[in-house]
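J.: Structure file model-v4.cif (mmCIF, C-alpha atoms) right here:
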data_coords
loop_
_atom_site.label_atom_id
_atom_site.label_comp_id
_atom_site.auth_asym_id
_atom_site.auth_seq_id
_atom_site.Cartn_x
_atom_site.Cartn_y
_atom_site.Cartn_z
CA MET A 13 -13.20 -5.38 9.78
CA ARG A 14 -13.84 -1.71 10.49
CA ILE A 15 -13.94 -0.76 14.16
CA THR A 16 -17.17 1.07 15.00
CA ALA A 17 -18.32 3.31 17.83
CA LYS A 18 -20.32 0.34 19.15
CA LYS A 19 -17.17 -1.79 19.14
CA ILE A 20 -15.35 0.83 21.22
CA ILE A 21 -18.04 0.55 23.91
CA GLU A 22 -17.70 -3.26 23.76
CA HIS A 23 -13.98 -2.88 24.45
CA LYS A 24 -14.80 -1.25 27.79
CA ASN A 25 -17.29 -3.98 28.67
CA GLN A 26 -14.69 -6.63 27.80
CA GLY A 27 -11.92 -4.89 29.74
CA LYS A 28 -9.89 -4.39 26.55
CA LYS A 29 -7.74 -1.27 26.52
CA ILE A 30 -8.48 1.15 23.68
CA THR A 31 -5.62 2.60 21.64
CA ALA A 32 -5.88 5.94 19.86
CA LEU A 33 -3.50 8.27 18.02
CA THR A 34 -3.87 11.44 16.03
CA ALA A 35 -3.03 11.47 12.32
CA TYR A 36 -3.08 14.23 9.73
CA ASP A 37 -2.02 12.56 6.47
CA TYR A 38 -2.61 9.48 4.35
CA SER A 39 0.65 7.62 4.98
CA SER A 40 0.65 8.08 8.77
CA ALA A 41 -2.95 6.91 8.95
CA LYS A 42 -2.10 3.86 6.84
CA TYR A 43 0.78 2.79 9.09
CA PHE A 44 -1.11 3.47 12.34
CA ASP A 45 -4.00 1.46 10.92
CA LYS A 46 -1.75 -1.48 10.03
CA ALA A 47 -0.21 -1.31 13.52
CA GLY A 48 -3.66 -1.99 15.00
CA VAL A 49 -4.61 1.40 16.44
CA ASP A 50 -8.32 1.33 17.35
CA ILE A 51 -9.11 5.02 16.88
CA ILE A 52 -7.41 7.52 14.60
CA LEU A 53 -8.31 11.07 15.51
CA VAL A 54 -7.93 13.85 13.00
CA GLY A 55 -7.17 16.21 15.86
CA ASP A 56 -7.40 19.98 15.72
CA SER A 57 -3.89 19.76 17.18
CA LEU A 58 -2.91 19.80 13.51
CA ALA A 59 -3.36 23.56 13.81
CA GLN A 60 -0.02 23.66 15.61
CA VAL A 61 1.92 20.58 14.54
CA ALA A 62 0.93 20.59 10.85
CA LEU A 63 -0.02 24.18 10.06
CA GLY A 64 2.12 26.17 12.48
CA TYR A 65 -0.70 28.10 14.14
CA SER A 66 -0.30 29.19 17.74
CA SER A 67 -3.46 27.46 19.00
CA THR A 68 -6.19 25.03 17.95
CA THR A 69 -8.72 27.88 17.73
CA GLN A 70 -7.18 29.07 14.46
CA VAL A 71 -7.76 26.01 12.28
CA THR A 72 -10.81 26.26 9.98
CA LEU A 73 -13.50 23.79 9.04
CA ASP A 74 -12.28 23.63 5.43
CA GLU A 75 -8.73 22.86 6.58
CA MET A 76 -9.93 20.11 8.90
CA LEU A 77 -11.97 18.55 6.10
CA ILE A 78 -8.93 18.30 3.81
CA PHE A 79 -6.91 16.47 6.47
CA THR A 80 -9.87 14.23 7.30
CA GLN A 81 -10.17 13.15 3.68
CA ALA A 82 -6.48 12.25 3.59
CA VAL A 83 -6.61 10.24 6.83
CA ALA A 84 -9.80 8.45 5.80
CA ARG A 85 -8.09 7.22 2.63
CA GLY A 86 -5.31 5.65 4.68
CA ALA A 87 -7.32 4.06 7.51
CA LYS A 88 -9.16 0.93 6.46
CA ASN A 89 -9.87 -0.64 9.85
CA ALA A 90 -9.56 1.99 12.59
CA LEU A 91 -12.44 4.21 13.64
CA VAL A 92 -11.71 7.63 12.12
CA VAL A 93 -12.88 10.47 14.38
CA ALA A 94 -12.68 14.10 13.28
CA ASP A 95 -12.29 16.99 15.70
CA MET A 96 -14.95 19.61 15.08
CA PRO A 97 -12.95 22.86 15.09
CA PHE A 98 -13.64 26.01 17.06
CA MET A 99 -16.92 27.72 16.07
CA SER A 100 -18.06 24.86 13.83
CA TYR A 101 -20.69 23.66 16.33
CA GLN A 102 -21.25 26.56 18.75
CA ILE A 103 -23.39 28.85 16.60
CA SER A 104 -26.52 26.70 16.30
CA ILE A 105 -27.75 23.12 16.34
CA GLU A 106 -28.36 23.34 12.60
CA GLU A 107 -24.78 24.45 11.98
CA ALA A 108 -23.44 21.68 14.19
CA VAL A 109 -25.40 18.99 12.33
CA LYS A 110 -24.50 20.40 8.91
CA ASN A 111 -20.79 20.67 9.70
CA ALA A 112 -20.61 17.27 11.37
CA GLY A 113 -22.27 15.83 8.28
CA LYS A 114 -19.45 17.26 6.17
CA PHE A 115 -16.93 15.28 8.21
CA ILE A 116 -18.89 12.06 7.69
CA GLN A 117 -19.05 12.79 3.95
CA ALA A 118 -15.27 13.40 4.05
CA GLY A 119 -14.75 9.85 5.33
CA ALA A 120 -14.86 10.08 9.14
CA GLN A 121 -17.08 7.68 11.09
CA ALA A 122 -17.53 9.99 14.10
CA VAL A 123 -16.79 13.50 15.37
CA LYS A 124 -15.38 14.87 18.61
CA ILE A 125 -16.80 17.87 20.47
CA GLU A 126 -15.35 19.67 23.49
CA GLY A 127 -17.37 20.72 26.52
CA SER A 128 -20.73 19.91 28.08
CA ASN A 129 -22.89 23.03 28.25
CA THR A 130 -26.60 22.90 27.40
CA HIS A 131 -26.07 23.82 23.76
CA ILE A 132 -23.44 21.12 23.31
CA LEU A 133 -25.62 18.48 24.94
CA GLU A 134 -28.47 19.36 22.58
CA ALA A 135 -26.11 19.28 19.62
CA ILE A 136 -24.87 15.83 20.60
CA LYS A 137 -28.45 14.56 20.88
CA HIS A 138 -29.27 15.86 17.41
CA LEU A 139 -26.07 14.44 15.91
CA THR A 140 -26.57 10.96 17.33
CA GLN A 141 -30.23 11.00 16.33
CA ASN A 142 -29.08 11.78 12.78
CA GLY A 143 -26.61 8.89 12.65
CA ILE A 144 -23.41 10.70 13.62
CA PRO A 145 -21.53 9.14 16.57
CA VAL A 146 -19.95 11.67 18.94
CA MET A 147 -16.89 11.49 21.17
CA GLY A 148 -16.94 13.92 24.11
CA HIS A 149 -14.00 15.82 25.59
CA LEU A 150 -13.69 17.03 29.20
CA GLY A 151 -10.98 18.20 31.59
CA PHE A 152 -8.59 20.55 29.84
CA THR A 153 -10.37 21.69 26.69
CA PRO A 154 -7.96 23.46 24.29
CA GLN A 155 -10.69 25.30 22.37
CA TYR A 156 -11.51 27.17 25.60
CA ILE A 157 -7.91 28.32 26.06
CA ASN A 158 -8.84 32.01 25.86
CA THR A 159 -11.30 31.73 28.75
CA ILE A 160 -9.32 29.17 30.76
CA GLY A 161 -6.20 31.29 30.49
CA GLY A 162 -3.64 28.52 30.11
CA HIS A 163 -2.84 24.81 30.26
CA PHE A 164 -4.13 23.70 33.65
CA VAL A 165 -4.82 20.32 35.22
CA SER A 166 -8.54 19.79 35.87
CA ALA A 167 -10.31 17.98 38.73
CA LYS A 168 -7.53 18.76 41.19
CA ASP A 169 -9.79 18.14 44.18
CA SER A 170 -12.78 15.98 45.04
CA GLN A 171 -15.36 18.69 44.35
CA LYS A 172 -13.99 19.39 40.86
CA THR A 173 -13.90 15.64 40.25
CA PHE A 174 -17.60 15.39 41.15
CA GLU A 175 -18.30 18.24 38.71
CA ILE A 176 -16.52 16.53 35.83
CA LEU A 177 -18.29 13.25 36.64
CA ASN A 178 -21.62 15.08 36.40
CA MET A 179 -20.55 16.55 33.07
CA ALA A 180 -19.47 13.12 31.84
CA GLN A 181 -22.78 11.56 32.87
CA SER A 182 -24.61 14.34 31.04
CA LEU A 183 -22.59 13.59 27.92
CA GLU A 184 -23.37 9.90 28.32
CA ARG A 185 -27.09 10.62 28.55
CA ALA A 186 -26.81 12.82 25.46
CA GLY A 187 -25.46 9.84 23.53
CA VAL A 188 -21.66 10.01 23.29
CA PHE A 189 -19.89 6.70 22.70
CA SER A 190 -16.71 7.73 24.55
CA ILE A 191 -15.18 10.66 26.42
CA VAL A 192 -11.66 12.04 26.25
CA LEU A 193 -10.33 13.10 29.65
CA GLU A 194 -7.42 15.50 29.28
CA MET A 195 -4.99 16.52 32.02
CA VAL A 196 -6.92 14.98 34.91
CA PRO A 197 -5.27 13.39 38.00
CA GLN A 198 -5.30 9.60 37.74
CA GLU A 199 -7.32 9.18 40.94
CA SER A 200 -9.99 11.48 39.53
CA SER A 201 -10.06 9.79 36.12
CA LYS A 202 -10.32 6.39 37.83
CA PHE A 203 -13.28 7.61 39.91
CA ILE A 204 -14.99 8.97 36.78
CA THR A 205 -14.21 5.96 34.59
CA GLN A 206 -15.68 3.49 37.09
CA ARG A 207 -18.99 5.35 37.10
CA LEU A 208 -19.55 5.56 33.35
CA ASN A 209 -20.97 3.04 30.90
CA VAL A 210 -19.08 4.57 27.97
CA PRO A 211 -15.27 4.35 27.82
CA THR A 212 -12.90 7.12 28.80
CA ILE A 213 -9.87 7.87 26.64
CA GLY A 214 -7.10 9.49 28.63
CA ILE A 215 -4.51 12.03 27.57
CA GLY A 216 -2.53 13.02 30.60
CA ALA A 217 -5.17 11.32 32.76
CA GLY A 218 -3.31 8.30 34.11
CA LYS A 219 -3.53 4.57 33.51
CA TYR A 220 -7.04 3.94 34.84
CA CYS A 221 -8.87 5.24 31.80
CA ASP A 222 -10.34 2.68 29.41
CA GLY A 223 -7.93 3.81 26.70
CA GLN A 224 -5.19 6.24 25.83
CA ILE A 225 -4.61 8.80 23.10
CA LEU A 226 -1.56 10.87 22.24
CA VAL A 227 -0.60 13.34 19.52
CA SER A 228 1.41 11.35 16.99
CA ASP A 229 3.97 14.11 16.47
CA ASP A 230 4.75 13.88 20.20
CA ILE A 231 5.38 10.14 20.29
CA LEU A 232 7.36 10.33 17.05
CA GLY A 233 9.51 13.18 18.34
CA LYS A 234 8.73 15.31 15.31
CA TYR A 235 7.27 18.45 16.92
CA ASP A 236 9.69 19.99 19.40
CA GLU A 237 8.22 23.43 20.14
CA PHE A 238 6.31 22.00 23.09
CA CYS A 239 6.20 18.51 24.61
CA PRO A 240 3.67 17.90 27.40
CA LYS A 241 4.62 15.97 30.52
CA PHE A 242 2.23 13.14 29.69
CA ALA A 243 3.62 12.43 26.19
CA ARG A 244 6.09 9.54 25.86
CA GLN A 245 8.54 10.02 22.99
CA TYR A 246 9.22 6.72 21.21
CA SER A 247 11.48 8.13 18.51
CA SER A 248 13.20 11.34 17.43
CA LEU A 249 12.04 11.92 13.89
CA LYS A 250 13.08 15.55 14.02
CA ASP A 251 16.71 14.45 14.22
CA ILE A 252 16.25 11.84 11.51
CA ILE A 253 14.55 14.34 9.20
CA PHE A 254 17.24 16.98 9.82
CA ASN A 255 20.11 14.52 9.28
CA VAL A 256 18.58 13.10 6.10
CA ALA A 257 17.97 16.57 4.65
CA ARG A 258 21.52 17.69 5.56
CA ALA A 259 23.03 14.55 3.99
CA TYR A 260 21.01 15.13 0.83
CA CYS A 261 22.16 18.74 0.60
CA ASN A 262 25.77 17.65 1.07
CA ASP A 263 25.51 15.02 -1.66
CA VAL A 264 24.00 17.49 -4.13
CA GLU A 265 26.54 20.20 -3.30
CA ASN A 266 29.47 17.76 -3.61
CA GLY A 267 28.23 16.21 -6.84
CA ASN A 268 27.54 12.83 -5.23
CA PHE A 269 23.87 12.86 -6.14
CA PRO A 270 22.51 11.69 -8.46
CA SER A 271 24.72 8.71 -9.32
CA ILE A 272 24.67 6.75 -12.57
CA ALA A 273 22.36 4.22 -10.91
CA GLU A 274 19.93 7.02 -10.10
CA SER A 275 19.97 8.48 -13.63
CA PHE A 276 18.52 7.56 -17.03
CA THR A 277 20.96 7.03 -19.89
CA LEU A 278 20.82 7.06 -23.67
CA ASP A 279 21.80 4.20 -25.92
CA THR A 280 25.56 4.37 -26.56
CA ASN A 281 25.08 5.23 -30.25
CA GLU A 282 22.63 8.02 -29.45
CA ALA A 283 24.92 9.40 -26.79
CA GLN A 284 27.77 9.39 -29.35
CA LYS A 285 25.67 11.43 -31.76
CA LEU A 286 25.29 14.08 -29.09
CA GLU A 287 29.04 14.01 -28.49
CA ASN A 288 29.72 14.40 -32.20
CA TYR A 289 27.24 17.24 -32.51
CA SER A 290 28.88 19.14 -29.67
CA GLN A 291 32.27 18.78 -31.40
CA ASP A 292 31.08 20.37 -34.65
#
Starting from the file, lay out its structure as structure tokens.
T.:
Amino acid sequence: MRITAKKIIEHKNQGKKITALTAYDYSSAKYFDKAGVDIILVGDSLAQVALGYSSTTQVTLDEMLIFTQAVARGAKNALVVADMPFMSYQISIEEAVKNAGKFIQAGAQAVKIEGSNTHILEAIKHLTQNGIPVMGHLGFTPQYINTIGGHFVSAKDSQKTFEILNMAQSLERAGVFSIVLEMVPQESSKFITQRLNVPTIGIGAGKYCDGQILVSDDILGKYDEFCPKFARQYSSLKDIIFNVARAYCNDVENGNFPSIAESFTLDTNEAQKLENYSQD
């Protein structure tokens, strides 16, 4: 049965930890889905790990929609959430609703929006009123990298923690079904989580959040240009991929691939005709 935004809120009420991972293609989404991941996020982190851009601000709406369609085809049970990319919801409420609608039509069941200013709160209200569930995102917000000036931990003191709690409560009142807390001290995220009715999903925010999310390329050990402190690497696919590709190249260069078992053959009589023709 498909996990819904309502079910994610029930997980918090039941004390059940929420699991979330990013995915950018059909096969990864299919395997994460079969593994029992609750939420699959088509993250704008694909800008870097899948498209090679230098930041998430460079990925376009059209690019995000293509990846969302692929992930949606692979995920049959998990809640598919699509990151709304930079400048896809900031221009106007109308643009935000229209673009979020495109993600739902592409197969997502919800969208994620960073920040909590007045415009964003109004956009969230309009989206939820029009049947589009919204996941919030506070703490370190990558789409604001040019104004923030770098990757910094948020809520590093009590006053900043109070500020993020106020932002989170504003998002809750606007109608979000969950809030990502990124790069927040665990004491701060615990304080915030205990005072919200909607679940928090942590990424570099400690164990007291209601759930956790990580970039799949980080846990798989596939993307090695940058690995954040909070990401646990469960495998080293980059080494596996390199070794497999090198072995393949060696086999081709040495004439060991393809073998007879990996080739199609003619009937013996037909093959003999070719031999005879070449001898004429």
J.: Env of Leu58 of chain A: 7 Å cut, atoms = all atoms listed in the file, seq-sep filter 4 positions within chain, self excluded. Answer as a PyMOL selection string.
T.: chain A and resi 36+62-63
J.: I'd like the interatomic distance between atom CA of Glu107 of chain A and atom CA of Ile51 of chain A, to a tenth of an Å.
T.: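 Pair atom CA of Glu107 of chain A / atom CA of Ile51 of chain A returns 25.4 Å.
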J.: What does the structure give for the distance between atom CA of Leu177 of chain A and atom CA of Val210 of chain A, in Å to one decimal?
T.: 12.3 Å
J.: Would you kindly return, as a PDB file with C-alpha atoms, keeping the file's coordinate frame, each protein, DNA or RNA residue with an atom no farther than 9 Å from any atom of Thr153 of chain A, considering all atoms listed in the file and excluding same-chain residues fewer than 2 positions away?
T.:
ATOM      1  CA  GLU A 126     -15.350  19.670  23.490  1.00  0.00           C
ATOM      2  CA  GLY A 127     -17.370  20.720  26.520  1.00  0.00           C
ATOM      3  CA  HIS A 149     -14.000  15.820  25.590  1.00  0.00           C
ATOM      4  CA  LEU A 150     -13.690  17.030  29.200  1.00  0.00           C
ATOM      5  CA  GLY A 151     -10.980  18.200  31.590  1.00  0.00           C
ATOM      6  CA  GLN A 155     -10.690  25.300  22.370  1.00  0.00           C
ATOM      7  CA  TYR A 156     -11.510  27.170  25.600  1.00  0.00           C
ATOM      8  CA  ILE A 157      -7.910  28.320  26.060  1.00  0.00           C
ATOM      9  CA  ILE A 160      -9.320  29.170  30.760  1.00  0.00           C
ATOM     10  CA  HIS A 163      -2.840  24.810  30.260  1.00  0.00           C
ATOM     11  CA  GLU A 194      -7.420  15.500  29.280  1.00  0.00           C
TER      12      GLU A 194
END
J.: Find, counting only C-alpha atoms, the residue in A:Ser228, A:Ser66, A:Ser170, A:Gln117 that gets nearest to Leu53 of chain A.
T.: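 Once distances to Leu53 of chain A are computed over only C-alpha atoms, the minimum belongs to A:Ser228.
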J.: Near Phe242 of chain A, counting only C-alpha atoms, which residues have an atom at most 12 Å away, once you skip same-chain residues fewer than 6 positions from it, shown as a ChimeraX atom specification?
T.: /A:165,194-198,214-219,224-227,230-231
J.: Restricting the calculation to only C-alpha atoms: of A:Phe115, A:Phe44, A:Tyr101, A:Tyr220, which residue gets closest to Gly86 of chain A?
T.: A:Phe44
J.: Let me know the residues the PyMOL selection byres ((chain A and resi 176) around 8) catches in the file above, as a ChimeraX atom specification.
T.: /A:150-151,167,172-175,177-180,204
J.: One number please: atom CA of Leu33 of chain A to atom CA of Asn89 of chain A, in Å, one decimal.
T.: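 Taking atom CA of Leu33 of chain A and atom CA of Asn89 of chain A, their separation equals 13.7 Å.
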J.: Enumerate, as a ChimeraX atom specification, the protein, DNA and RNA residues whose atoms approach (-9.1, 21.4, 17.0) to within 8 Å, taking into account all atoms listed in the file and the coordinate frame of the file.
T.: /A:55-59,68-69,71,95-98,154-155
J.: With distances taken over only C-alpha atoms, which of A:Leu193, A:Ala120, A:Ile252, A:Val264 is nearest to Asp222 of chain A?
T.: A:Leu193
J.: Which residues, written as a list in words, have at least one atom at most 7 Å from Asp37 of chain A, with all atoms listed in the file counted and residues fewer than 4 positions away on the same chain left out?
T.: Ala41, Phe79, Ala82 and Val83 of chain A
J.: Identify the residues around (-23.3, 12.2, 12.0) within a radius of 9 Å, measuring from all atoms listed in the file in the coordinates stated by the file, and give them as an MDAnalysis selection string.
T.: chainID A and resid 109:110 112:116 121:123 138:146
J.: List the residues selected by the PyMOL selection byres ((chain A and resi 233-235) around 10) in the file shown, writing them as a PyMOL selection string.
T.: chain A and resi 60-62+227-232+236-239+243-253
J.: Which residues match the PyMOL selection byres ((chain A and resi 206) around 12) in the file above, as a ChimeraX atom specification?
T.: /A:24-25,27,177,180-181,199-205,207-212,220-222
J.: Would you compute an axis-aligned box for segment 138-148 of chain A, covering every atom listed for it in the file with 5 Å of margin on each side, and report centre and edge lengths in Å to one decimal as AutoDock Vina command-line options?
T.:
--center_x -23.6 --center_y 12.4 --center_z 18.4 --size_x 23.3 --size_y 17.0 --size_z 21.5
J.: Would you please work out which residue, of A:Ala118, A:Ala47, A:Phe152, A:Thr16, is nearest to Asp74 of chain A when using all atoms listed in the file?
T.: A:Ala118
J.: My structure is short of atoms at segment 269-284 of chain A; please model N, CA, C and O atoms there, returning them as a PDB file, in the coordinates of the input.
T.:
ATOM      1  N   PHE A 269      25.243  13.237  -5.776  1.00  0.00           N
ATOM      2  CA  PHE A 269      23.870  12.860  -6.140  1.00  0.00           C
ATOM      3  C   PHE A 269      23.422  13.719  -7.311  1.00  0.00           C
ATOM      4  O   PHE A 269      23.630  14.932  -7.310  1.00  0.00           O
ATOM      5  N   PRO A 270      22.825  13.126  -8.341  1.00  0.00           N
ATOM      6  CA  PRO A 270      22.510  11.690  -8.460  1.00  0.00           C
ATOM      7  C   PRO A 270      23.690  10.901  -9.039  1.00  0.00           C
ATOM      8  O   PRO A 270      24.521  11.450  -9.749  1.00  0.00           O
ATOM      9  N   SER A 271      23.705   9.612  -8.763  1.00  0.00           N
ATOM     10  CA  SER A 271      24.720   8.710  -9.320  1.00  0.00           C
ATOM     11  C   SER A 271      24.231   8.164 -10.653  1.00  0.00           C
ATOM     12  O   SER A 271      23.101   8.430 -11.073  1.00  0.00           O
ATOM     13  N   ILE A 272      25.081   7.388 -11.314  1.00  0.00           N
ATOM     14  CA  ILE A 272      24.670   6.750 -12.570  1.00  0.00           C
ATOM     15  C   ILE A 272      23.459   5.850 -12.340  1.00  0.00           C
ATOM     16  O   ILE A 272      22.523   5.809 -13.139  1.00  0.00           O
ATOM     17  N   ALA A 273      23.468   5.135 -11.209  1.00  0.00           N
ATOM     18  CA  ALA A 273      22.360   4.220 -10.910  1.00  0.00           C
ATOM     19  C   ALA A 273      21.051   4.952 -10.686  1.00  0.00           C
ATOM     20  O   ALA A 273      19.982   4.368 -10.842  1.00  0.00           O
ATOM     21  N   GLU A 274      21.132   6.212 -10.365  1.00  0.00           N
ATOM     22  CA  GLU A 274      19.930   7.020 -10.100  1.00  0.00           C
ATOM     23  C   GLU A 274      19.574   7.921 -11.274  1.00  0.00           C
ATOM     24  O   GLU A 274      18.771   8.839 -11.140  1.00  0.00           O
ATOM     25  N   SER A 275      20.195   7.654 -12.443  1.00  0.00           N
ATOM     26  CA  SER A 275      19.970   8.480 -13.630  1.00  0.00           C
ATOM     27  C   SER A 275      19.527   7.610 -14.801  1.00  0.00           C
ATOM     28  O   SER A 275      19.761   6.397 -14.821  1.00  0.00           O
ATOM     29  N   PHE A 276      18.880   8.226 -15.783  1.00  0.00           N
ATOM     30  CA  PHE A 276      18.520   7.560 -17.030  1.00  0.00           C
ATOM     31  C   PHE A 276      19.621   7.834 -18.055  1.00  0.00           C
ATOM     32  O   PHE A 276      20.228   8.912 -18.061  1.00  0.00           O
ATOM     33  N   THR A 277      19.884   6.859 -18.909  1.00  0.00           N
ATOM     34  CA  THR A 277      20.960   7.030 -19.890  1.00  0.00           C
ATOM     35  C   THR A 277      20.462   6.715 -21.300  1.00  0.00           C
ATOM     36  O   THR A 277      19.525   5.932 -21.491  1.00  0.00           O
ATOM     37  N   LEU A 278      21.118   7.335 -22.276  1.00  0.00           N
ATOM     38  CA  LEU A 278      20.820   7.060 -23.670  1.00  0.00           C
ATOM     39  C   LEU A 278      21.541   5.798 -24.135  1.00  0.00           C
ATOM     40  O   LEU A 278      22.537   5.365 -23.519  1.00  0.00           O
ATOM     41  N   ASP A 279      21.064   5.237 -25.219  1.00  0.00           N
ATOM     42  CA  ASP A 279      21.800   4.200 -25.920  1.00  0.00           C
ATOM     43  C   ASP A 279      23.169   4.762 -26.297  1.00  0.00           C
ATOM     44  O   ASP A 279      23.312   5.947 -26.595  1.00  0.00           O
ATOM     45  N   THR A 280      24.193   3.911 -26.296  1.00  0.00           N
ATOM     46  CA  THR A 280      25.560   4.370 -26.560  1.00  0.00           C
ATOM     47  C   THR A 280      25.670   5.107 -27.890  1.00  0.00           C
ATOM     48  O   THR A 280      26.323   6.157 -27.991  1.00  0.00           O
ATOM     49  N   ASN A 281      25.016   4.591 -28.929  1.00  0.00           N
ATOM     50  CA  ASN A 281      25.080   5.230 -30.250  1.00  0.00           C
ATOM     51  C   ASN A 281      24.442   6.607 -30.227  1.00  0.00           C
ATOM     52  O   ASN A 281      24.944   7.559 -30.826  1.00  0.00           O
ATOM     53  N   GLU A 282      23.309   6.728 -29.516  1.00  0.00           N
ATOM     54  CA  GLU A 282      22.630   8.020 -29.450  1.00  0.00           C
ATOM     55  C   GLU A 282      23.447   9.021 -28.646  1.00  0.00           C
ATOM     56  O   GLU A 282      23.514  10.213 -28.971  1.00  0.00           O
ATOM     57  N   ALA A 283      24.073   8.520 -27.595  1.00  0.00           N
ATOM     58  CA  ALA A 283      24.920   9.400 -26.790  1.00  0.00           C
ATOM     59  C   ALA A 283      26.101   9.894 -27.618  1.00  0.00           C
ATOM     60  O   ALA A 283      26.524  11.055 -27.503  1.00  0.00           O
ATOM     61  N   GLN A 284      26.658   8.999 -28.501  1.00  0.00           N
ATOM     62  CA  GLN A 284      27.770   9.390 -29.350  1.00  0.00           C
ATOM     63  C   GLN A 284      27.381  10.467 -30.337  1.00  0.00           C
ATOM     64  O   GLN A 284      28.170  11.377 -30.642  1.00  0.00           O
TER      65      GLN A 284
END
